[in-house]
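Structure first, commentary second.
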Amino acid sequence: MAYRIGTRGSALATTQTQWVADAMSDEHTAFEQVIIKTKGDVTTGSLANLGGTGVFATALRQAVIDGEVDMAVHSLKDLPAKQPAELHIAAIPARADVRDALCAANGMTLETLPKGAKIGTGSPRRVAQLLAYRPDLEMIDIRGNVQTRLARVAGYEHHHDNAPAAAGSPKGDLDAVVLACAGIDRLGMDWAITERIDPDIMLPAPGQGSLAIEIAANKTLDAPLANALAAHQDTGARLEATAERALLATLEAGCASPIGALARFVNGTLHLDAVVAAMDGSKTIRRQASTTLDESAVTEATSDAAYALGVEVAQMMIDDGADLLPPGPARGTR
């Protein structure tokens, strides 16, 4: 039986979708990719001003709802926190490196970047936390695929064998860019990382490092597909995602400032650490909490407890004034 998987057309999206397809395939089950263009792929301008995370997900989700594809593979951080009733996240595989990556000229790190260094990122979350740590840095809004953004770093434009930078894109005009470690690792380009940024300095976007396999909520799964999805589900990653997305959904109800969150499920305990920051880095609110869960499986009770943990930490932050922080340009958390 062959199933159709919807994906964006970028090198990263097709690579991670193929990874999912290969992992779920066996002698009875095959998967083929269907490329879907999203608003985020065809629209220029600042990602934050385009509306943040949802610009990469809407067209893929509509293709699932319309039956154009059997499922879609997303980077979980690209999914808005509110889950549509028509769709169901059927599986979240084991999580990759959750950290953000500094890709800097001459092997520099956050500590060794010179005063006034130009750092490229399209993420309000990264801007806010970087400025909180190094207020002397100059933040430059950038977009594009991984190769295009890396080509903006001085010296990196000579390292590209995978794909050219977009026509007309600047090259070598920045001291560093910040990307997700997971994406760079999946592309086999970890040579570009000069520092995997400690979450104590920069918390990732909710869901960062995780993939989500989404299907129509009313879809009746045949046995081969149901078994493939069940085998691809990771208990810890699912519980972590539930807590992080619950926090994001709760904060977004009244807070438009950049948000970072990281849940870790270790030895039956789910820890959640989160931050809300003013866009200029002048103020941050960071809180954490934990809860003990049954680590054998994701049940309704464990899922509810993970969700409650996210709400609890979000409410702590709201009580401490998170909703009063100056907003970013949009509710993008990437």
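Ligands are numbered from 1 in the order shown, residues from 1 within each chain, and chains are lettered A, B, ... in the order they appear in the structure tokens.
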
Residues at most 12 Å from Gln83 (chain A), counting only C-alpha atoms, excluding those fewer than 2 positions away in the same chain, as a PDB file with N, CA, C and O atoms, in the first residue's frame?
```pdb
ATOM      1  N   GLY A  54       2.291  30.049  11.432  1.00  0.00           N
ATOM      2  CA  GLY A  54       1.262  29.441  10.601  1.00  0.00           C
ATOM      3  C   GLY A  54       1.478  29.557   9.104  1.00  0.00           C
ATOM      4  O   GLY A  54       0.883  28.798   8.334  1.00  0.00           O
ATOM      5  N   ALA A  57       2.342  26.283   7.513  1.00  0.00           N
ATOM      6  CA  ALA A  57       1.521  25.111   7.798  1.00  0.00           C
ATOM      7  C   ALA A  57       0.174  25.085   7.094  1.00  0.00           C
ATOM      8  O   ALA A  57      -0.354  24.010   6.804  1.00  0.00           O
ATOM      9  N   THR A  58      -0.412  26.239   6.796  1.00  0.00           N
ATOM     10  CA  THR A  58      -1.806  26.290   6.365  1.00  0.00           C
ATOM     11  C   THR A  58      -2.066  25.487   5.096  1.00  0.00           C
ATOM     12  O   THR A  58      -3.012  24.687   5.037  1.00  0.00           O
ATOM     13  N   ARG A  61      -1.822  21.747   5.705  1.00  0.00           N
ATOM     14  CA  ARG A  61      -2.975  21.258   6.453  1.00  0.00           C
ATOM     15  C   ARG A  61      -4.214  21.163   5.564  1.00  0.00           C
ATOM     16  O   ARG A  61      -4.991  20.207   5.666  1.00  0.00           O
ATOM     17  N   LEU A  76       7.442  20.741  14.082  1.00  0.00           N
ATOM     18  CA  LEU A  76       6.388  21.025  15.061  1.00  0.00           C
ATOM     19  C   LEU A  76       6.349  22.500  15.435  1.00  0.00           C
ATOM     20  O   LEU A  76       5.276  23.053  15.693  1.00  0.00           O
ATOM     21  N   LEU A  79       3.783  24.752  13.674  1.00  0.00           N
ATOM     22  CA  LEU A  79       2.341  24.604  13.877  1.00  0.00           C
ATOM     23  C   LEU A  79       1.838  25.576  14.937  1.00  0.00           C
ATOM     24  O   LEU A  79       2.374  25.612  16.049  1.00  0.00           O
ATOM     25  N   PRO A  80       0.799  26.359  14.622  1.00  0.00           N
ATOM     26  CA  PRO A  80       0.181  27.201  15.656  1.00  0.00           C
ATOM     27  C   PRO A  80      -0.276  26.356  16.839  1.00  0.00           C
ATOM     28  O   PRO A  80      -0.571  25.166  16.698  1.00  0.00           O
ATOM     29  N   ALA A  81      -0.314  26.963  18.013  1.00  0.00           N
ATOM     30  CA  ALA A  81      -0.583  26.209  19.234  1.00  0.00           C
ATOM     31  C   ALA A  81      -1.989  25.621  19.268  1.00  0.00           C
ATOM     32  O   ALA A  81      -2.204  24.554  19.838  1.00  0.00           O
ATOM     33  N   ALA A  85      -9.896  21.324  14.763  1.00  0.00           N
ATOM     34  CA  ALA A  85     -10.710  20.139  15.033  1.00  0.00           C
ATOM     35  C   ALA A  85     -10.640  19.129  13.897  1.00  0.00           C
ATOM     36  O   ALA A  85     -10.819  17.925  14.112  1.00  0.00           O
ATOM     37  N   GLU A  86     -10.364  19.611  12.679  1.00  0.00           N
ATOM     38  CA  GLU A  86     -10.355  18.721  11.514  1.00  0.00           C
ATOM     39  C   GLU A  86      -9.088  17.881  11.403  1.00  0.00           C
ATOM     40  O   GLU A  86      -9.013  16.969  10.581  1.00  0.00           O
ATOM     41  N   LEU A  87      -8.083  18.188  12.237  1.00  0.00           N
ATOM     42  CA  LEU A  87      -6.780  17.544  12.101  1.00  0.00           C
ATOM     43  C   LEU A  87      -6.311  16.954  13.419  1.00  0.00           C
ATOM     44  O   LEU A  87      -6.664  17.422  14.499  1.00  0.00           O
ATOM     45  N   HIS A  88      -5.476  15.920  13.309  1.00  0.00           N
ATOM     46  CA  HIS A  88      -4.956  15.216  14.478  1.00  0.00           C
ATOM     47  C   HIS A  88      -3.467  14.961  14.278  1.00  0.00           C
ATOM     48  O   HIS A  88      -3.040  14.498  13.207  1.00  0.00           O
ATOM     49  N   ILE A  89      -2.654  15.283  15.292  1.00  0.00           N
ATOM     50  CA  ILE A  89      -1.235  14.930  15.243  1.00  0.00           C
ATOM     51  C   ILE A  89      -1.119  13.459  15.631  1.00  0.00           C
ATOM     52  O   ILE A  89      -1.259  13.082  16.795  1.00  0.00           O
ATOM     53  N   GLU A 214       0.776  14.714  10.767  1.00  0.00           N
ATOM     54  CA  GLU A 214      -0.608  15.137  10.955  1.00  0.00           C
ATOM     55  C   GLU A 214      -1.514  14.460   9.937  1.00  0.00           C
ATOM     56  O   GLU A 214      -1.172  14.362   8.755  1.00  0.00           O
ATOM     57  N   ILE A 215      -2.674  13.992  10.404  1.00  0.00           N
ATOM     58  CA  ILE A 215      -3.662  13.352   9.547  1.00  0.00           C
ATOM     59  C   ILE A 215      -5.020  14.007   9.776  1.00  0.00           C
ATOM     60  O   ILE A 215      -5.198  14.779  10.722  1.00  0.00           O
ATOM     61  N   ALA A 216      -5.976  13.705   8.911  1.00  0.00           N
ATOM     62  CA  ALA A 216      -7.339  14.192   9.111  1.00  0.00           C
ATOM     63  C   ALA A 216      -7.947  13.506  10.329  1.00  0.00           C
ATOM     64  O   ALA A 216      -7.777  12.294  10.524  1.00  0.00           O
ATOM     65  N   ALA A 217      -8.651  14.267  11.154  1.00  0.00           N
ATOM     66  CA  ALA A 217      -9.199  13.721  12.396  1.00  0.00           C
ATOM     67  C   ALA A 217     -10.218  12.621  12.138  1.00  0.00           C
ATOM     68  O   ALA A 217     -10.380  11.703  12.952  1.00  0.00           O
ATOM     69  N   THR A 242       3.327  18.424  24.278  1.00  0.00           N
ATOM     70  CA  THR A 242       2.042  18.785  24.881  1.00  0.00           C
ATOM     71  C   THR A 242       2.210  19.921  25.885  1.00  0.00           C
ATOM     72  O   THR A 242       1.442  20.897  25.883  1.00  0.00           O
ATOM     73  N   ARG A 245       3.300  23.278  23.997  1.00  0.00           N
ATOM     74  CA  ARG A 245       2.223  23.877  23.211  1.00  0.00           C
ATOM     75  C   ARG A 245       1.090  24.387  24.105  1.00  0.00           C
ATOM     76  O   ARG A 245       0.424  25.364  23.760  1.00  0.00           O
ATOM     77  N   ALA A 246       0.887  23.751  25.252  1.00  0.00           N
ATOM     78  CA  ALA A 246      -0.105  24.259  26.209  1.00  0.00           C
ATOM     79  C   ALA A 246       0.345  25.611  26.755  1.00  0.00           C
ATOM     80  O   ALA A 246      -0.458  26.547  26.879  1.00  0.00           O
ATOM     81  N   LEU A 248       2.336  27.723  25.215  1.00  0.00           N
ATOM     82  CA  LEU A 248       2.232  28.686  24.123  1.00  0.00           C
ATOM     83  C   LEU A 248       0.790  29.128  23.919  1.00  0.00           C
ATOM     84  O   LEU A 248       0.505  30.323  23.775  1.00  0.00           O
ATOM     85  N   ALA A 249      -0.138  28.188  23.922  1.00  0.00           N
ATOM     86  CA  ALA A 249      -1.547  28.529  23.723  1.00  0.00           C
ATOM     87  C   ALA A 249      -2.060  29.438  24.836  1.00  0.00           C
ATOM     88  O   ALA A 249      -2.814  30.384  24.588  1.00  0.00           O
TER      89      ALA A 249
END
```

Open item on the list: Can you tell me which residues surround region 172-182 of chain A at a distance of at most 8 Å, considering only C-alpha atoms, apart from same-chain residues fewer than 3 positions away, and format the answer as a ChimeraX atom specification?
Closed with: /A:96-105,113,117-121,126,146,149-157,185-186,190,193,196,208-209

TODO: Identify, with DSSP run on backbone atoms, the residues in region 12-238 of chain A assigned to helix (DSSP H, G or I), and express the list as a PyMOL selection string.
DONE: chain A and resi 12-24+39-42+47-50+52-56+58-65+76-78+105-107+124-133+146-150+156-158+181-186+190-192+223-231+235-238

- [ ] Tell me, in Å to one decimal, how far CA of Ala21 (chain A) is from CA of Val69 (chain A).
- [x] 13.5 Å

Using only C-alpha atoms, which residues sit within 12 Å of region 311-325 of chain A once same-chain residues fewer than 4 positions away are excluded, as a PDB file with N, CA and C atoms, in the first residue's frame?
```pdb
ATOM      1  N   ALA A 128      15.159  38.654  20.868  1.00  0.00           N
ATOM      2  CA  ALA A 128      14.942  39.100  22.242  1.00  0.00           C
ATOM      3  C   ALA A 128      15.937  38.460  23.201  1.00  0.00           C
ATOM      4  N   THR A 242       3.327  18.424  24.278  1.00  0.00           N
ATOM      5  CA  THR A 242       2.042  18.785  24.881  1.00  0.00           C
ATOM      6  C   THR A 242       2.210  19.921  25.885  1.00  0.00           C
ATOM      7  N   ALA A 243       3.229  19.827  26.740  1.00  0.00           N
ATOM      8  CA  ALA A 243       3.454  20.869  27.742  1.00  0.00           C
ATOM      9  C   ALA A 243       3.852  22.188  27.083  1.00  0.00           C
ATOM     10  N   GLU A 244       4.760  22.128  26.109  1.00  0.00           N
ATOM     11  CA  GLU A 244       5.236  23.356  25.458  1.00  0.00           C
ATOM     12  C   GLU A 244       4.121  24.052  24.694  1.00  0.00           C
ATOM     13  N   ARG A 245       3.300  23.278  23.997  1.00  0.00           N
ATOM     14  CA  ARG A 245       2.223  23.877  23.211  1.00  0.00           C
ATOM     15  C   ARG A 245       1.090  24.387  24.105  1.00  0.00           C
ATOM     16  N   ALA A 246       0.887  23.751  25.252  1.00  0.00           N
ATOM     17  CA  ALA A 246      -0.105  24.259  26.209  1.00  0.00           C
ATOM     18  C   ALA A 246       0.345  25.611  26.755  1.00  0.00           C
ATOM     19  N   LEU A 247       1.626  25.721  27.068  1.00  0.00           N
ATOM     20  CA  LEU A 247       2.151  27.002  27.526  1.00  0.00           C
ATOM     21  C   LEU A 247       1.983  28.068  26.452  1.00  0.00           C
ATOM     22  N   LEU A 248       2.336  27.723  25.215  1.00  0.00           N
ATOM     23  CA  LEU A 248       2.232  28.686  24.123  1.00  0.00           C
ATOM     24  C   LEU A 248       0.790  29.128  23.919  1.00  0.00           C
ATOM     25  N   ALA A 249      -0.138  28.188  23.922  1.00  0.00           N
ATOM     26  CA  ALA A 249      -1.547  28.529  23.723  1.00  0.00           C
ATOM     27  C   ALA A 249      -2.060  29.438  24.836  1.00  0.00           C
ATOM     28  N   THR A 250      -1.642  29.171  26.069  1.00  0.00           N
ATOM     29  CA  THR A 250      -2.101  29.971  27.199  1.00  0.00           C
ATOM     30  C   THR A 250      -1.524  31.383  27.148  1.00  0.00           C
ATOM     31  N   LEU A 251      -0.232  31.495  26.849  1.00  0.00           N
ATOM     32  CA  LEU A 251       0.389  32.808  26.783  1.00  0.00           C
ATOM     33  C   LEU A 251      -0.122  33.620  25.603  1.00  0.00           C
ATOM     34  N   GLU A 252      -0.355  32.969  24.479  1.00  0.00           N
ATOM     35  CA  GLU A 252      -0.792  33.707  23.296  1.00  0.00           C
ATOM     36  C   GLU A 252      -2.175  34.311  23.472  1.00  0.00           C
ATOM     37  N   ALA A 253      -2.916  33.846  24.464  1.00  0.00           N
ATOM     38  CA  ALA A 253      -4.240  34.415  24.701  1.00  0.00           C
ATOM     39  C   ALA A 253      -4.147  35.882  25.111  1.00  0.00           C
ATOM     40  N   GLY A 254      -2.992  36.281  25.697  1.00  0.00           N
ATOM     41  CA  GLY A 254      -2.902  37.671  26.123  1.00  0.00           C
ATOM     42  C   GLY A 254      -1.505  38.240  26.081  1.00  0.00           C
ATOM     43  N   CYS A 255      -0.598  37.572  25.375  1.00  0.00           N
ATOM     44  CA  CYS A 255       0.797  38.013  25.352  1.00  0.00           C
ATOM     45  C   CYS A 255       1.343  37.879  23.940  1.00  0.00           C
ATOM     46  N   ALA A 256       1.798  38.995  23.351  1.00  0.00           N
ATOM     47  CA  ALA A 256       2.331  38.968  21.992  1.00  0.00           C
ATOM     48  C   ALA A 256       3.850  39.083  21.972  1.00  0.00           C
ATOM     49  N   SER A 257       4.493  38.957  23.131  1.00  0.00           N
ATOM     50  CA  SER A 257       5.945  39.033  23.200  1.00  0.00           C
ATOM     51  C   SER A 257       6.565  37.694  22.806  1.00  0.00           C
ATOM     52  N   PRO A 258       7.845  37.705  22.413  1.00  0.00           N
ATOM     53  CA  PRO A 258       8.514  36.447  22.041  1.00  0.00           C
ATOM     54  C   PRO A 258       8.546  35.443  23.184  1.00  0.00           C
ATOM     55  N   ILE A 259       8.324  34.170  22.838  1.00  0.00           N
ATOM     56  CA  ILE A 259       8.198  33.094  23.824  1.00  0.00           C
ATOM     57  C   ILE A 259       9.175  31.974  23.489  1.00  0.00           C
ATOM     58  N   GLY A 260       9.876  31.471  24.503  1.00  0.00           N
ATOM     59  CA  GLY A 260      10.705  30.285  24.375  1.00  0.00           C
ATOM     60  C   GLY A 260      10.284  29.270  25.416  1.00  0.00           C
ATOM     61  N   ALA A 261      10.412  27.994  25.093  1.00  0.00           N
ATOM     62  CA  ALA A 261      10.002  26.960  26.045  1.00  0.00           C
ATOM     63  C   ALA A 261      10.747  25.669  25.766  1.00  0.00           C
ATOM     64  N   LEU A 262      11.083  24.958  26.830  1.00  0.00           N
ATOM     65  CA  LEU A 262      11.725  23.655  26.683  1.00  0.00           C
ATOM     66  C   LEU A 262      11.243  22.726  27.788  1.00  0.00           C
ATOM     67  N   ALA A 263      10.575  21.648  27.389  1.00  0.00           N
ATOM     68  CA  ALA A 263      10.180  20.588  28.313  1.00  0.00           C
ATOM     69  C   ALA A 263      11.140  19.417  28.139  1.00  0.00           C
ATOM     70  N   HIS A 271       9.853  18.187  33.153  1.00  0.00           N
ATOM     71  CA  HIS A 271      10.289  19.523  33.544  1.00  0.00           C
ATOM     72  C   HIS A 271       9.934  20.501  32.425  1.00  0.00           C
ATOM     73  N   LEU A 272       9.506  21.687  32.773  1.00  0.00           N
ATOM     74  CA  LEU A 272       9.210  22.720  31.783  1.00  0.00           C
ATOM     75  C   LEU A 272       9.855  24.029  32.204  1.00  0.00           C
ATOM     76  N   ASP A 273      10.650  24.593  31.306  1.00  0.00           N
ATOM     77  CA  ASP A 273      11.336  25.862  31.509  1.00  0.00           C
ATOM     78  C   ASP A 273      10.879  26.789  30.396  1.00  0.00           C
ATOM     79  N   ALA A 274      10.482  28.027  30.722  1.00  0.00           N
ATOM     80  CA  ALA A 274       9.940  28.924  29.713  1.00  0.00           C
ATOM     81  C   ALA A 274      10.367  30.354  29.972  1.00  0.00           C
ATOM     82  N   VAL A 275      10.364  31.148  28.887  1.00  0.00           N
ATOM     83  CA  VAL A 275      10.734  32.554  28.981  1.00  0.00           C
ATOM     84  C   VAL A 275       9.828  33.388  28.095  1.00  0.00           C
ATOM     85  N   VAL A 276       9.505  34.572  28.551  1.00  0.00           N
ATOM     86  CA  VAL A 276       8.885  35.609  27.731  1.00  0.00           C
ATOM     87  C   VAL A 276       9.794  36.821  27.828  1.00  0.00           C
ATOM     88  N   ALA A 277      10.074  37.451  26.698  1.00  0.00           N
ATOM     89  CA  ALA A 277      11.038  38.544  26.696  1.00  0.00           C
ATOM     90  C   ALA A 277      10.522  39.739  25.921  1.00  0.00           C
ATOM     91  N   ALA A 278      10.891  40.924  26.399  1.00  0.00           N
ATOM     92  CA  ALA A 278      10.656  42.126  25.607  1.00  0.00           C
ATOM     93  C   ALA A 278      11.488  42.029  24.338  1.00  0.00           C
ATOM     94  N   MET A 279      10.966  42.564  23.233  1.00  0.00           N
ATOM     95  CA  MET A 279      11.625  42.414  21.940  1.00  0.00           C
ATOM     96  C   MET A 279      13.046  42.970  21.947  1.00  0.00           C
ATOM     97  N   ASP A 280      13.290  44.023  22.728  1.00  0.00           N
ATOM     98  CA  ASP A 280      14.629  44.615  22.764  1.00  0.00           C
ATOM     99  C   ASP A 280      15.531  43.971  23.812  1.00  0.00           C
ATOM    100  N   GLY A 281      15.051  42.900  24.456  1.00  0.00           N
ATOM    101  CA  GLY A 281      15.853  42.189  25.445  1.00  0.00           C
ATOM    102  C   GLY A 281      15.983  42.886  26.774  1.00  0.00           C
ATOM    103  N   SER A 282      15.276  43.994  26.965  1.00  0.00           N
ATOM    104  CA  SER A 282      15.436  44.789  28.187  1.00  0.00           C
ATOM    105  C   SER A 282      14.840  44.115  29.412  1.00  0.00           C
ATOM    106  N   LYS A 283      13.898  43.206  29.219  1.00  0.00           N
ATOM    107  CA  LYS A 283      13.303  42.499  30.346  1.00  0.00           C
ATOM    108  C   LYS A 283      12.909  41.095  29.915  1.00  0.00           C
ATOM    109  N   THR A 284      13.175  40.130  30.781  1.00  0.00           N
ATOM    110  CA  THR A 284      12.748  38.756  30.535  1.00  0.00           C
ATOM    111  C   THR A 284      12.059  38.228  31.787  1.00  0.00           C
ATOM    112  N   ILE A 285      11.086  37.353  31.566  1.00  0.00           N
ATOM    113  CA  ILE A 285      10.414  36.648  32.657  1.00  0.00           C
ATOM    114  C   ILE A 285      10.597  35.156  32.378  1.00  0.00           C
ATOM    115  N   ARG A 286      11.286  34.471  33.275  1.00  0.00           N
ATOM    116  CA  ARG A 286      11.597  33.051  33.077  1.00  0.00           C
ATOM    117  C   ARG A 286      11.148  32.264  34.298  1.00  0.00           C
ATOM    118  N   ARG A 287      10.382  31.206  34.054  1.00  0.00           N
ATOM    119  CA  ARG A 287       9.855  30.394  35.142  1.00  0.00           C
ATOM    120  C   ARG A 287       9.927  28.915  34.755  1.00  0.00           C
ATOM    121  N   GLN A 288       9.870  28.040  35.769  1.00  0.00           N
ATOM    122  CA  GLN A 288       9.908  26.611  35.505  1.00  0.00           C
ATOM    123  C   GLN A 288       9.126  25.860  36.565  1.00  0.00           C
ATOM    124  N   ALA A 289       8.722  24.644  36.197  1.00  0.00           N
ATOM    125  CA  ALA A 289       8.016  23.758  37.121  1.00  0.00           C
ATOM    126  C   ALA A 289       8.154  22.336  36.592  1.00  0.00           C
ATOM    127  N   SER A 290       7.727  21.351  37.367  1.00  0.00           N
ATOM    128  CA  SER A 290       7.823  19.959  36.941  1.00  0.00           C
ATOM    129  C   SER A 290       6.670  19.158  37.525  1.00  0.00           C
ATOM    130  N   THR A 291       6.455  17.968  36.940  1.00  0.00           N
ATOM    131  CA  THR A 291       5.416  17.066  37.428  1.00  0.00           C
ATOM    132  C   THR A 291       5.859  15.643  37.152  1.00  0.00           C
ATOM    133  N   ASP A 304      -3.105  14.948  29.887  1.00  0.00           N
ATOM    134  CA  ASP A 304      -3.766  16.022  30.627  1.00  0.00           C
ATOM    135  C   ASP A 304      -2.813  16.651  31.638  1.00  0.00           C
ATOM    136  N   ALA A 305      -1.991  15.828  32.278  1.00  0.00           N
ATOM    137  CA  ALA A 305      -1.051  16.345  33.266  1.00  0.00           C
ATOM    138  C   ALA A 305       0.032  17.185  32.601  1.00  0.00           C
ATOM    139  N   ALA A 306       0.498  16.747  31.428  1.00  0.00           N
ATOM    140  CA  ALA A 306       1.499  17.526  30.686  1.00  0.00           C
ATOM    141  C   ALA A 306       0.910  18.861  30.251  1.00  0.00           C
ATOM    142  N   TYR A 307      -0.326  18.834  29.795  1.00  0.00           N
ATOM    143  CA  TYR A 307      -0.995  20.073  29.387  1.00  0.00           C
ATOM    144  C   TYR A 307      -1.145  21.014  30.584  1.00  0.00           C
TER     145      TYR A 307
END
```

TODO: Fewer than 5 positions away in the same chain doesn't count, so skip those; otherwise give me all residues within 10 Å of region 226-233 of chain A, counting only C-alpha atoms, as an MDAnalysis selection string.
DONE: chainID A and resid 20:21 23:26 29 90:94 212:213 220:221 238 297:298

For the selection just defined, write its residues with N, CA, C and O atoms to a file, as a compact mmCIF listing (two decimals), in the first residue's frame.
```
# COMPACT_ATOMS: atom_id res chain seq x y z
N VAL A 20 11.09 10.44 7.64
CA VAL A 20 9.87 9.85 8.18
C VAL A 20 9.39 8.70 7.29
O VAL A 20 9.04 7.62 7.77
N ALA A 21 9.38 8.94 5.98
CA ALA A 21 8.92 7.91 5.04
C ALA A 21 9.76 6.65 5.14
O ALA A 21 9.23 5.52 5.18
N ALA A 23 11.56 5.64 7.67
CA ALA A 23 11.40 5.01 8.97
C ALA A 23 10.10 4.21 9.05
O ALA A 23 10.03 3.19 9.75
N MET A 24 9.05 4.65 8.35
CA MET A 24 7.75 3.98 8.44
C MET A 24 7.55 2.94 7.35
O MET A 24 6.60 2.16 7.41
N SER A 25 8.40 2.90 6.35
CA SER A 25 8.22 1.97 5.23
C SER A 25 8.62 0.55 5.62
O SER A 25 9.55 0.33 6.40
N ASP A 26 7.91 -0.41 5.05
CA ASP A 26 8.31 -1.82 5.15
C ASP A 26 7.82 -2.54 3.90
O ASP A 26 7.42 -1.89 2.93
N THR A 29 4.21 -1.41 3.21
CA THR A 29 3.85 0.01 3.27
C THR A 29 4.90 0.87 2.61
O THR A 29 6.09 0.76 2.92
N ALA A 90 -0.89 12.63 14.63
CA ALA A 90 -0.93 11.18 14.83
C ALA A 90 0.34 10.63 15.45
O ALA A 90 0.31 9.59 16.11
N ALA A 91 1.47 11.31 15.23
CA ALA A 91 2.73 10.82 15.79
C ALA A 91 3.74 11.95 15.88
O ALA A 91 3.78 12.83 15.02
N ILE A 92 4.53 11.91 16.94
CA ILE A 92 5.68 12.79 17.10
C ILE A 92 6.87 11.89 17.34
O ILE A 92 6.97 11.24 18.39
N PRO A 93 7.79 11.78 16.38
CA PRO A 93 8.95 10.90 16.54
C PRO A 93 9.92 11.41 17.60
O PRO A 93 9.75 12.50 18.16
N ALA A 94 10.95 10.62 17.87
CA ALA A 94 11.99 11.01 18.81
C ALA A 94 12.57 12.37 18.41
O ALA A 94 12.76 12.66 17.23
N ALA A 212 6.14 16.57 13.42
CA ALA A 212 4.76 16.18 13.69
C ALA A 212 4.16 15.58 12.43
O ALA A 212 4.25 16.17 11.35
N ILE A 213 3.58 14.40 12.56
CA ILE A 213 2.89 13.75 11.45
C ILE A 213 1.39 13.96 11.67
O ILE A 213 0.82 13.47 12.65
N THR A 220 -10.04 7.09 8.82
CA THR A 220 -10.00 5.73 9.34
C THR A 220 -8.70 5.09 8.88
O THR A 220 -8.45 4.95 7.67
N LEU A 221 -7.87 4.73 9.83
CA LEU A 221 -6.56 4.18 9.51
C LEU A 221 -6.64 2.68 9.28
O LEU A 221 -7.22 1.94 10.09
N ARG A 238 6.25 13.33 22.80
CA ARG A 238 4.83 13.70 22.79
C ARG A 238 4.47 14.50 24.04
O ARG A 238 3.78 15.52 23.96
N ALA A 297 3.73 5.19 28.72
CA ALA A 297 2.95 5.50 27.52
C ALA A 297 2.28 6.85 27.68
O ALA A 297 2.18 7.39 28.78
N VAL A 298 1.80 7.37 26.55
CA VAL A 298 1.00 8.59 26.59
C VAL A 298 -0.46 8.19 26.71
O VAL A 298 -1.06 7.66 25.78
```

Task: Nearby residues (only C-alpha atoms) at most 10 Å from Asp294 (chain A), same-chain spacing under 3 positions excluded, as a PyMOL selection string - done: chain A and resi 267-270+297-299+301-302

Selection near Ser75 (chain A), 7 Å with only C-alpha atoms, sequence-local residues under 3 positions removed, as a PDB file with all heavy atoms, in the first residue's frame:
```pdb
ATOM      1  N   ASP A  78       6.497  24.897  13.585  1.00  0.00           N
ATOM      2  CA  ASP A  78       5.770  25.646  12.566  1.00  0.00           C
ATOM      3  C   ASP A  78       4.255  25.593  12.759  1.00  0.00           C
ATOM      4  O   ASP A  78       3.519  26.287  12.053  1.00  0.00           O
ATOM      5  CB  ASP A  78       6.095  25.102  11.169  1.00  0.00           C
ATOM      6  CG  ASP A  78       7.501  25.456  10.711  1.00  0.00           C
ATOM      7  OD1 ASP A  78       8.100  26.363  11.306  1.00  0.00           O
ATOM      8  OD2 ASP A  78       7.987  24.818   9.761  1.00  0.00           O
ATOM      9  N   SER A 210      11.398  18.783  17.043  1.00  0.00           N
ATOM     10  CA  SER A 210      10.419  17.706  16.848  1.00  0.00           C
ATOM     11  C   SER A 210       9.734  17.820  15.500  1.00  0.00           C
ATOM     12  O   SER A 210       9.520  18.919  14.979  1.00  0.00           O
ATOM     13  CB  SER A 210       9.349  17.746  17.940  1.00  0.00           C
ATOM     14  OG  SER A 210       9.857  17.314  19.178  1.00  0.00           O
ATOM     15  N   LEU A 211       9.376  16.682  14.958  1.00  0.00           N
ATOM     16  CA  LEU A 211       8.535  16.599  13.776  1.00  0.00           C
ATOM     17  C   LEU A 211       7.136  16.168  14.193  1.00  0.00           C
ATOM     18  O   LEU A 211       6.968  15.470  15.197  1.00  0.00           O
ATOM     19  CB  LEU A 211       9.103  15.596  12.766  1.00  0.00           C
ATOM     20  CG  LEU A 211      10.522  15.865  12.253  1.00  0.00           C
ATOM     21  CD1 LEU A 211      10.962  14.742  11.319  1.00  0.00           C
ATOM     22  CD2 LEU A 211      10.598  17.204  11.558  1.00  0.00           C
ATOM     23  N   ALA A 212       6.135  16.575  13.419  1.00  0.00           N
ATOM     24  CA  ALA A 212       4.756  16.180  13.687  1.00  0.00           C
ATOM     25  C   ALA A 212       4.158  15.577  12.426  1.00  0.00           C
ATOM     26  O   ALA A 212       4.246  16.175  11.345  1.00  0.00           O
ATOM     27  CB  ALA A 212       3.932  17.379  14.133  1.00  0.00           C
TER      28      ALA A 212
END
```
